[in-house]
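Participant: My questions all concern the structure below.
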Amino acid sequence: MVAKIGENIAVRRFVRLTAPGALGTYLHGTRIGALVALQGGDEALARDLAMHVAAVNPAYVDAGAVPAEVLDKEREILTEQTKGEKKPPEIVAKMVEGRLRKFLAEITLLGQPFVKDPDTTVEKLLKKSGAKVVEFVRYEVGSGIEKKQDDFVAK
């Protein structure tokens, strides 16, 4: 490609996935791509889940994969948000844990509503199919690149 188009091209990132079951791929145009490795299930389910990953961009597979630092930081933010409310400490703690569960459902693949059927979560869909997500990856063109900010006024 370098010789053909005359531009310097370098591979910045890649992942090698192996699946004990089905491996699903999905390309959304030419800008977003996703891979999902399943244990059990079939190719159609894997492709649908890859489409879901491309559309919704979950950060983790399940709540167990979320690092403790992320949970602690979110718990701290939620606690700060509830300080203004005049409620007993045990009620505040329950509110924080409820909001934390909602946060985990938003950032984890298994907790999200399935993109093709919002009434069903991805976890329920997988249980119905007898499958388990081993790993997934999502790439978007340009993500992770630091853009240089020039301040023309200062110059």
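Identifiers for the structure tokens are assigned positionally: chains receive A, B, ... in sequence, residues are indexed from 1 per chain, and ligands are indexed from 1 in the order shown.
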Using DSSP secondary structure from the backbone, list all strand (DSSP E or B) positions within chain A, as a ChimeraX atom specification.
Facilitator: /A:23-28,32-39,60,108,113,121,132-140
Participant: If you keep C-alpha atoms, can you produce a file of those selected residues as a PDB file, in the first residue's frame?
Facilitator:
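Generated output (selection-v8.pdb):
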```
ATOM      1  CA  LEU A  23     -15.797 -15.981  16.239  1.00  0.00           C
ATOM      2  CA  GLY A  24     -17.936 -13.084  15.051  1.00  0.00           C
ATOM      3  CA  THR A  25     -16.819 -10.069  13.065  1.00  0.00           C
ATOM      4  CA  TYR A  26     -18.596  -6.887  12.139  1.00  0.00           C
ATOM      5  CA  LEU A  27     -17.487  -3.846  10.146  1.00  0.00           C
ATOM      6  CA  HIS A  28     -19.548  -0.683  10.363  1.00  0.00           C
ATOM      7  CA  ILE A  32     -15.487   0.833  13.144  1.00  0.00           C
ATOM      8  CA  GLY A  33     -14.763  -2.884  13.445  1.00  0.00           C
ATOM      9  CA  ALA A  34     -15.462  -5.417  16.191  1.00  0.00           C
ATOM     10  CA  LEU A  35     -14.522  -9.030  16.958  1.00  0.00           C
ATOM     11  CA  VAL A  36     -16.269 -11.269  19.482  1.00  0.00           C
ATOM     12  CA  ALA A  37     -15.004 -14.676  20.637  1.00  0.00           C
ATOM     13  CA  LEU A  38     -17.693 -17.018  22.001  1.00  0.00           C
ATOM     14  CA  GLN A  39     -17.665 -20.286  23.836  1.00  0.00           C
ATOM     15  CA  TYR A  60     -15.671  -4.690  29.847  1.00  0.00           C
ATOM     16  CA  THR A 108     -20.303  -3.951  30.750  1.00  0.00           C
ATOM     17  CA  PRO A 113     -29.701  -4.050  26.573  1.00  0.00           C
ATOM     18  CA  THR A 121     -30.023  -7.864  28.002  1.00  0.00           C
ATOM     19  CA  LYS A 132     -20.446 -17.238  26.854  1.00  0.00           C
ATOM     20  CA  VAL A 133     -18.372 -14.271  25.651  1.00  0.00           C
ATOM     21  CA  VAL A 134     -14.697 -15.105  26.077  1.00  0.00           C
ATOM     22  CA  GLU A 135     -13.306 -11.830  24.757  1.00  0.00           C
ATOM     23  CA  PHE A 136     -14.158  -8.928  22.492  1.00  0.00           C
ATOM     24  CA  VAL A 137     -12.306  -6.069  20.864  1.00  0.00           C
ATOM     25  CA  ARG A 138     -13.513  -2.911  19.103  1.00  0.00           C
ATOM     26  CA  TYR A 139     -11.440  -0.625  16.919  1.00  0.00           C
ATOM     27  CA  GLU A 140     -12.360   2.773  15.570  1.00  0.00           C
TER      28      GLU A 140
END
```
Participant: Ranking A:Glu7, A:Glu106, A:Glu85, A:Glu80 by minimum distance to A:Ala59 and counting only C-alpha atoms, which one comes first?
Facilitator: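 Of A:Glu7, A:Glu106, A:Glu85, A:Glu80, the one nearest A:Ala59 is A:Glu106, counting only C-alpha atoms.
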Participant: So which residues of chain A fall under helix (DSSP H, G or I) by DSSP, listed as a PyMOL selection string?
Facilitator: chain A and resi 2-5+43-56+63-65+68-82+89-107+122-129
Participant: Hey, can you check how far atom CA of A:Gln112 sits from atom CA of A:Asn57?
Facilitator: 10.2 Å
Participant: Within 9 Å of A:Ala131, counting only C-alpha atoms, which residues qualify if same-chain residues fewer than 4 places away don't, as a PDB file with all heavy atoms, in the first residue's frame?
Facilitator:
```
ATOM      1  N   GLY A  21     -15.296 -21.449  20.460  1.00  0.00           N
ATOM      2  CA  GLY A  21     -16.525 -21.683  19.711  1.00  0.00           C
ATOM      3  C   GLY A  21     -16.551 -20.813  18.475  1.00  0.00           C
ATOM      4  O   GLY A  21     -15.661 -20.875  17.641  1.00  0.00           O
ATOM      5  N   LEU A  38     -16.690 -16.343  21.170  1.00  0.00           N
ATOM      6  CA  LEU A  38     -17.693 -17.018  22.001  1.00  0.00           C
ATOM      7  C   LEU A  38     -17.261 -18.433  22.339  1.00  0.00           C
ATOM      8  O   LEU A  38     -16.570 -19.089  21.564  1.00  0.00           O
ATOM      9  CB  LEU A  38     -19.028 -17.106  21.262  1.00  0.00           C
ATOM     10  CG  LEU A  38     -19.820 -15.848  21.006  1.00  0.00           C
ATOM     11  CD1 LEU A  38     -21.135 -16.194  20.319  1.00  0.00           C
ATOM     12  CD2 LEU A  38     -20.087 -15.087  22.272  1.00  0.00           C
ATOM     13  N   GLN A  39     -17.738 -18.877  23.475  1.00  0.00           N
ATOM     14  CA  GLN A  39     -17.665 -20.286  23.836  1.00  0.00           C
ATOM     15  C   GLN A  39     -19.102 -20.776  23.753  1.00  0.00           C
ATOM     16  O   GLN A  39     -19.968 -20.301  24.485  1.00  0.00           O
ATOM     17  CB  GLN A  39     -17.115 -20.440  25.255  1.00  0.00           C
ATOM     18  CG  GLN A  39     -16.991 -21.861  25.694  1.00  0.00           C
ATOM     19  CD  GLN A  39     -16.351 -21.940  27.079  1.00  0.00           C
ATOM     20  OE1 GLN A  39     -15.925 -20.945  27.645  1.00  0.00           O
ATOM     21  NE2 GLN A  39     -16.310 -23.120  27.601  1.00  0.00           N
ATOM     22  N   GLY A  40     -19.371 -21.676  22.844  1.00  0.00           N
ATOM     23  CA  GLY A  40     -20.751 -22.079  22.575  1.00  0.00           C
ATOM     24  C   GLY A  40     -21.371 -21.102  21.586  1.00  0.00           C
ATOM     25  O   GLY A  40     -20.697 -20.246  21.025  1.00  0.00           O
ATOM     26  N   GLY A  41     -22.661 -21.218  21.369  1.00  0.00           N
ATOM     27  CA  GLY A  41     -23.329 -20.324  20.434  1.00  0.00           C
ATOM     28  C   GLY A  41     -23.000 -20.653  18.989  1.00  0.00           C
ATOM     29  O   GLY A  41     -22.391 -21.679  18.683  1.00  0.00           O
ATOM     30  N   ASP A  42     -23.396 -19.772  18.083  1.00  0.00           N
ATOM     31  CA  ASP A  42     -23.139 -19.984  16.666  1.00  0.00           C
ATOM     32  C   ASP A  42     -22.614 -18.700  16.026  1.00  0.00           C
ATOM     33  O   ASP A  42     -22.488 -17.672  16.685  1.00  0.00           O
ATOM     34  CB  ASP A  42     -24.402 -20.476  15.956  1.00  0.00           C
ATOM     35  CG  ASP A  42     -25.571 -19.510  16.064  1.00  0.00           C
ATOM     36  OD1 ASP A  42     -25.431 -18.472  16.737  1.00  0.00           O
ATOM     37  OD2 ASP A  42     -26.619 -19.789  15.463  1.00  0.00           O
ATOM     38  N   LEU A  45     -25.009 -15.558  16.159  1.00  0.00           N
ATOM     39  CA  LEU A  45     -25.003 -14.894  17.463  1.00  0.00           C
ATOM     40  C   LEU A  45     -23.718 -14.096  17.643  1.00  0.00           C
ATOM     41  O   LEU A  45     -23.740 -12.957  18.114  1.00  0.00           O
ATOM     42  CB  LEU A  45     -25.149 -15.923  18.594  1.00  0.00           C
ATOM     43  CG  LEU A  45     -25.062 -15.372  20.010  1.00  0.00           C
ATOM     44  CD1 LEU A  45     -26.205 -14.411  20.295  1.00  0.00           C
ATOM     45  CD2 LEU A  45     -25.051 -16.504  21.014  1.00  0.00           C
ATOM     46  N   LEU A 125     -29.649 -13.027  26.564  1.00  0.00           N
ATOM     47  CA  LEU A 125     -29.516 -13.578  25.218  1.00  0.00           C
ATOM     48  C   LEU A 125     -28.489 -14.707  25.197  1.00  0.00           C
ATOM     49  O   LEU A 125     -28.721 -15.759  24.597  1.00  0.00           O
ATOM     50  CB  LEU A 125     -29.103 -12.471  24.242  1.00  0.00           C
ATOM     51  CG  LEU A 125     -28.872 -12.879  22.801  1.00  0.00           C
ATOM     52  CD1 LEU A 125     -30.202 -13.224  22.145  1.00  0.00           C
ATOM     53  CD2 LEU A 125     -28.179 -11.769  22.046  1.00  0.00           C
ATOM     54  N   LEU A 126     -27.371 -14.509  25.871  1.00  0.00           N
ATOM     55  CA  LEU A 126     -26.332 -15.540  25.921  1.00  0.00           C
ATOM     56  C   LEU A 126     -26.802 -16.775  26.685  1.00  0.00           C
ATOM     57  O   LEU A 126     -26.522 -17.904  26.278  1.00  0.00           O
ATOM     58  CB  LEU A 126     -25.059 -14.974  26.557  1.00  0.00           C
ATOM     59  CG  LEU A 126     -24.285 -13.984  25.690  1.00  0.00           C
ATOM     60  CD1 LEU A 126     -23.221 -13.285  26.514  1.00  0.00           C
ATOM     61  CD2 LEU A 126     -23.663 -14.681  24.501  1.00  0.00           C
ATOM     62  N   LYS A 127     -27.515 -16.578  27.798  1.00  0.00           N
ATOM     63  CA  LYS A 127     -28.023 -17.722  28.563  1.00  0.00           C
ATOM     64  C   LYS A 127     -29.011 -18.531  27.740  1.00  0.00           C
ATOM     65  O   LYS A 127     -29.007 -19.754  27.774  1.00  0.00           O
ATOM     66  CB  LYS A 127     -28.682 -17.245  29.863  1.00  0.00           C
ATOM     67  CG  LYS A 127     -27.687 -16.909  30.940  1.00  0.00           C
ATOM     68  CD  LYS A 127     -28.375 -16.536  32.231  1.00  0.00           C
ATOM     69  CE  LYS A 127     -27.335 -16.166  33.268  1.00  0.00           C
ATOM     70  NZ  LYS A 127     -27.939 -15.690  34.504  1.00  0.00           N
TER      71      LYS A 127
END
```
Participant: Measuring between only C-alpha atoms, which one of A:Val56, A:Val96, A:Ile91, A:Ile77 shows the shortest distance to A:Lys116?
Facilitator: A:Val56
Participant: List the spatial neighbours of A:Pro58 as a PyMOL selection string - criterion: any atom at most 7 Å away, only C-alpha atoms, same-chain residues fewer than 3 positions off excluded.
Facilitator: chain A and resi 53+107-109
Participant: One decimal, Å: what's the distance from atom CA of A:Leu104 over to atom CA of A:Ala63, could you say?
Facilitator: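 Those two atoms sit 6.2 Å apart.
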Participant: Of the candidates A:Gly111, A:Gly130, A:Gly144, A:Pro118, which one gets nearest to A:Gly64 if we count only C-alpha atoms?
Facilitator: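 Of the candidates, the smallest distance to A:Gly64 is held by A:Gly111.
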